[in-house]
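Working notes, beginning with the structure itself.
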Amino acid sequence: MPAVHGYFQLTRLHKPFMGNTLMFWPCAWGLTIAARATALPLATYAERLLWFAVGSMLLHSSACVLNDICDVDFDRQVERTKDRPLPSGLVSMRGASILCAALLVPALYILSRCDTLGIAMGLLGVFPLHALYPLMKRWTWWPQAWLGLAFNWGIPVAWISVTGAMPPPAIWVLFLGGVCWTIVYDTIYACQDREDDRRVGIKSTALLFGEHVRTVLAGMVAVLLTCLAYTGVATQQGLAYVLLSFGGALVHTGWQIVTWDEADLKDHRAKFESNGLLGCVIWLGMLCEYVRTLYPGLMPVA
């Protein structure tokens, strides 16, 4: 049974729920904006949202297993990760590889439900984006930016799954905002390992930004908010988007930057996990606008 628990730990599904949704919310954003633009029936929207939820969970877990396989030698040298299943010897590399493939296969099946363009774009998310992420901390000081590309690739894929066409500029701007959002929360998360990472040679934006980390992240937040504002205007969103998607992001990111305690290692994780709630709040504003489009008498028009 300890080995079974070890394999479960590799998937990160034992972690707090909201932290495991960070790959799903961008999918939900892209899907919801596309559903509103095309007046997609609610039942069809709900079905596709469920598929994206399951697919993103499988892909995220598979990517986590791959990351642990690639980082096993680093993890043995880092205090926070030395007791993970692979560096501790609880599970084998062969078993972890089988688990990675077992999670990836159903994720690819779900992707196969898209049209040809959607499949092609989705495969780019698998390789190179997710597949090469574990190596980025060896090659560049910006692994968090690469993670942002991988985690937010669901935005254009979800748009394509509804429309069958490449996304317009507004969707790519939203994608850029999502990348900046990922840099913010993953840099905060990486700050808890700064000393160990410096010692063993792991690169990260947490080390790159150094003593200016809060200022740089505030700049990333400004880009995220600008992108949300532009997307809202370009896609003619209404009051719910302004209050929830933009307003919620403004309040939540402001709270993160102002109250983040760099000296408190527990606060790094707490702030990171809180971004699952932020992703949900942004989606709720988009969802309200979608419902208002389908059922105009249900909500007041802004």
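Every chain in the structure tokens has a letter given in the order shown (A, B, ...), and although residue numbers restart at 1 in each chain, ligands are simply numbered from 1 in the order shown.
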Using only C-alpha atoms, which protein or nucleic acid residues come within 6 Å of region 131-139 of chain A? Drop anything in the same chain fewer than 2 positions from it, and give the result as a PyMOL selection string.
chain A and resi 67+127-129+143+202-203
For the selection you just gave me, I'd like the residues written to a file as a PDB file, in the first residue's frame, keeping all heavy atoms.
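See out07.pdb below for the written result:
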ATOM      1  N   ASN A  67       7.838  15.341 -14.776  1.00  0.00           N
ATOM      2  CA  ASN A  67       8.710  16.296 -14.103  1.00  0.00           C
ATOM      3  C   ASN A  67       9.521  15.614 -12.998  1.00  0.00           C
ATOM      4  O   ASN A  67      10.724  15.850 -12.845  1.00  0.00           O
ATOM      5  CB  ASN A  67       7.875  17.434 -13.519  1.00  0.00           C
ATOM      6  CG  ASN A  67       8.732  18.545 -12.951  1.00  0.00           C
ATOM      7  OD1 ASN A  67       9.347  19.308 -13.685  1.00  0.00           O
ATOM      8  ND2 ASN A  67       8.776  18.641 -11.628  1.00  0.00           N
ATOM      9  N   PHE A 127       3.689  18.217 -26.775  1.00  0.00           N
ATOM     10  CA  PHE A 127       5.086  18.346 -27.178  1.00  0.00           C
ATOM     11  C   PHE A 127       5.191  19.446 -28.221  1.00  0.00           C
ATOM     12  O   PHE A 127       4.486  19.406 -29.229  1.00  0.00           O
ATOM     13  CB  PHE A 127       5.617  17.033 -27.773  1.00  0.00           C
ATOM     14  CG  PHE A 127       7.082  17.095 -28.109  1.00  0.00           C
ATOM     15  CD1 PHE A 127       8.024  16.743 -27.156  1.00  0.00           C
ATOM     16  CD2 PHE A 127       7.521  17.548 -29.345  1.00  0.00           C
ATOM     17  CE1 PHE A 127       9.379  16.822 -27.442  1.00  0.00           C
ATOM     18  CE2 PHE A 127       8.874  17.639 -29.635  1.00  0.00           C
ATOM     19  CZ  PHE A 127       9.799  17.264 -28.678  1.00  0.00           C
ATOM     20  N   PRO A 128       6.002  20.461 -27.970  1.00  0.00           N
ATOM     21  CA  PRO A 128       7.073  20.515 -26.976  1.00  0.00           C
ATOM     22  C   PRO A 128       6.728  21.118 -25.619  1.00  0.00           C
ATOM     23  O   PRO A 128       7.544  21.033 -24.708  1.00  0.00           O
ATOM     24  CB  PRO A 128       8.103  21.415 -27.678  1.00  0.00           C
ATOM     25  CG  PRO A 128       7.261  22.393 -28.438  1.00  0.00           C
ATOM     26  CD  PRO A 128       6.063  21.605 -28.934  1.00  0.00           C
ATOM     27  N   LEU A 129       5.544  21.740 -25.471  1.00  0.00           N
ATOM     28  CA  LEU A 129       5.349  22.591 -24.298  1.00  0.00           C
ATOM     29  C   LEU A 129       5.463  21.832 -22.977  1.00  0.00           C
ATOM     30  O   LEU A 129       6.287  22.154 -22.121  1.00  0.00           O
ATOM     31  CB  LEU A 129       4.005  23.325 -24.403  1.00  0.00           C
ATOM     32  CG  LEU A 129       3.924  24.337 -25.564  1.00  0.00           C
ATOM     33  CD1 LEU A 129       2.573  25.042 -25.578  1.00  0.00           C
ATOM     34  CD2 LEU A 129       5.052  25.351 -25.476  1.00  0.00           C
ATOM     35  N   PRO A 143      12.047  29.309 -16.708  1.00  0.00           N
ATOM     36  CA  PRO A 143      11.191  28.125 -16.818  1.00  0.00           C
ATOM     37  C   PRO A 143       9.735  28.425 -16.501  1.00  0.00           C
ATOM     38  O   PRO A 143       8.832  27.765 -17.036  1.00  0.00           O
ATOM     39  CB  PRO A 143      11.795  27.156 -15.794  1.00  0.00           C
ATOM     40  CG  PRO A 143      12.506  28.031 -14.818  1.00  0.00           C
ATOM     41  CD  PRO A 143      13.046  29.162 -15.628  1.00  0.00           C
ATOM     42  N   ILE A 202      19.699  24.892 -10.115  1.00  0.00           N
ATOM     43  CA  ILE A 202      18.392  25.007 -10.765  1.00  0.00           C
ATOM     44  C   ILE A 202      18.109  26.472 -11.062  1.00  0.00           C
ATOM     45  O   ILE A 202      18.260  27.332 -10.185  1.00  0.00           O
ATOM     46  CB  ILE A 202      17.278  24.422  -9.877  1.00  0.00           C
ATOM     47  CG1 ILE A 202      17.501  22.921  -9.665  1.00  0.00           C
ATOM     48  CG2 ILE A 202      15.905  24.683 -10.483  1.00  0.00           C
ATOM     49  CD1 ILE A 202      16.537  22.296  -8.682  1.00  0.00           C
ATOM     50  N   LYS A 203      17.684  26.764 -12.279  1.00  0.00           N
ATOM     51  CA  LYS A 203      17.378  28.142 -12.671  1.00  0.00           C
ATOM     52  C   LYS A 203      15.884  28.419 -12.507  1.00  0.00           C
ATOM     53  O   LYS A 203      15.051  27.538 -12.714  1.00  0.00           O
ATOM     54  CB  LYS A 203      17.801  28.377 -14.116  1.00  0.00           C
ATOM     55  CG  LYS A 203      19.297  28.225 -14.348  1.00  0.00           C
ATOM     56  CD  LYS A 203      19.664  28.398 -15.811  1.00  0.00           C
ATOM     57  CE  LYS A 203      21.160  28.248 -16.021  1.00  0.00           C
ATOM     58  NZ  LYS A 203      21.549  28.367 -17.437  1.00  0.00           N
TER      59      LYS A 203
END
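Contact shell of Pro41 (chain A) at 10 Å (only C-alpha atoms; same-chain neighbours under 4 positions omitted): A:Ala35, A:Arg36, A:Tyr45, A:Ala46, A:Val291, A:Leu294.
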Taking 2 positions as the minimum chain separation for residues in the same chain, which residues sit within 8 Å of Ile155 (chain A) when counting only C-alpha atoms? Answer as a ChimeraX atom specification.
/A:26-31,152-153,157-159,171,174-175
List the neighbours of Gly148 (chain A) out to 12 Å using only C-alpha atoms; skip same-chain residues closer than 3 positions along the sequence, and give me the result as a VMD selection string.
chain A and resid 22 to 23 26 125 129 to 130 133 142 to 145 151 to 155 175 to 187
Do you know which residues are at most 7 Å from Val221 (chain A) counting only C-alpha atoms, after dropping those on the same chain fewer than 3 positions away, and could you put them as a PDB file with N, CA, C and O atoms, in the first residue's frame?
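Okay, selection.pdb is ready:
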ATOM      1  N   CYS A 180       1.520  35.506 -18.137  1.00  0.00           N
ATOM      2  CA  CYS A 180       2.010  36.389 -17.075  1.00  0.00           C
ATOM      3  C   CYS A 180       1.464  35.956 -15.713  1.00  0.00           C
ATOM      4  O   CYS A 180       2.178  36.011 -14.698  1.00  0.00           O
ATOM      5  N   TRP A 181       0.211  35.537 -15.683  1.00  0.00           N
ATOM      6  CA  TRP A 181      -0.396  35.035 -14.446  1.00  0.00           C
ATOM      7  C   TRP A 181       0.381  33.828 -13.920  1.00  0.00           C
ATOM      8  O   TRP A 181       0.691  33.739 -12.726  1.00  0.00           O
ATOM      9  N   LEU A 217       6.912  41.083 -10.327  1.00  0.00           N
ATOM     10  CA  LEU A 217       5.620  40.391 -10.344  1.00  0.00           C
ATOM     11  C   LEU A 217       4.461  41.374 -10.410  1.00  0.00           C
ATOM     12  O   LEU A 217       3.440  41.086 -11.036  1.00  0.00           O
ATOM     13  N   ALA A 218       4.624  42.535  -9.781  1.00  0.00           N
ATOM     14  CA  ALA A 218       3.591  43.571  -9.894  1.00  0.00           C
ATOM     15  C   ALA A 218       3.446  44.011 -11.349  1.00  0.00           C
ATOM     16  O   ALA A 218       2.334  44.265 -11.831  1.00  0.00           O
ATOM     17  N   LEU A 224      -1.282  41.207 -16.991  1.00  0.00           N
ATOM     18  CA  LEU A 224      -2.471  40.351 -16.909  1.00  0.00           C
ATOM     19  C   LEU A 224      -3.745  41.183 -16.928  1.00  0.00           C
ATOM     20  O   LEU A 224      -4.687  40.898 -17.688  1.00  0.00           O
ATOM     21  N   LEU A 225      -3.800  42.220 -16.106  1.00  0.00           N
ATOM     22  CA  LEU A 225      -5.003  43.048 -16.029  1.00  0.00           C
ATOM     23  C   LEU A 225      -5.259  43.787 -17.344  1.00  0.00           C
ATOM     24  O   LEU A 225      -6.410  43.914 -17.778  1.00  0.00           O
ATOM     25  N   THR A 253      -5.114  39.729  -7.230  1.00  0.00           N
ATOM     26  CA  THR A 253      -3.681  39.888  -7.495  1.00  0.00           C
ATOM     27  C   THR A 253      -3.090  41.010  -6.637  1.00  0.00           C
ATOM     28  O   THR A 253      -1.938  40.897  -6.183  1.00  0.00           O
TER      29      THR A 253
END
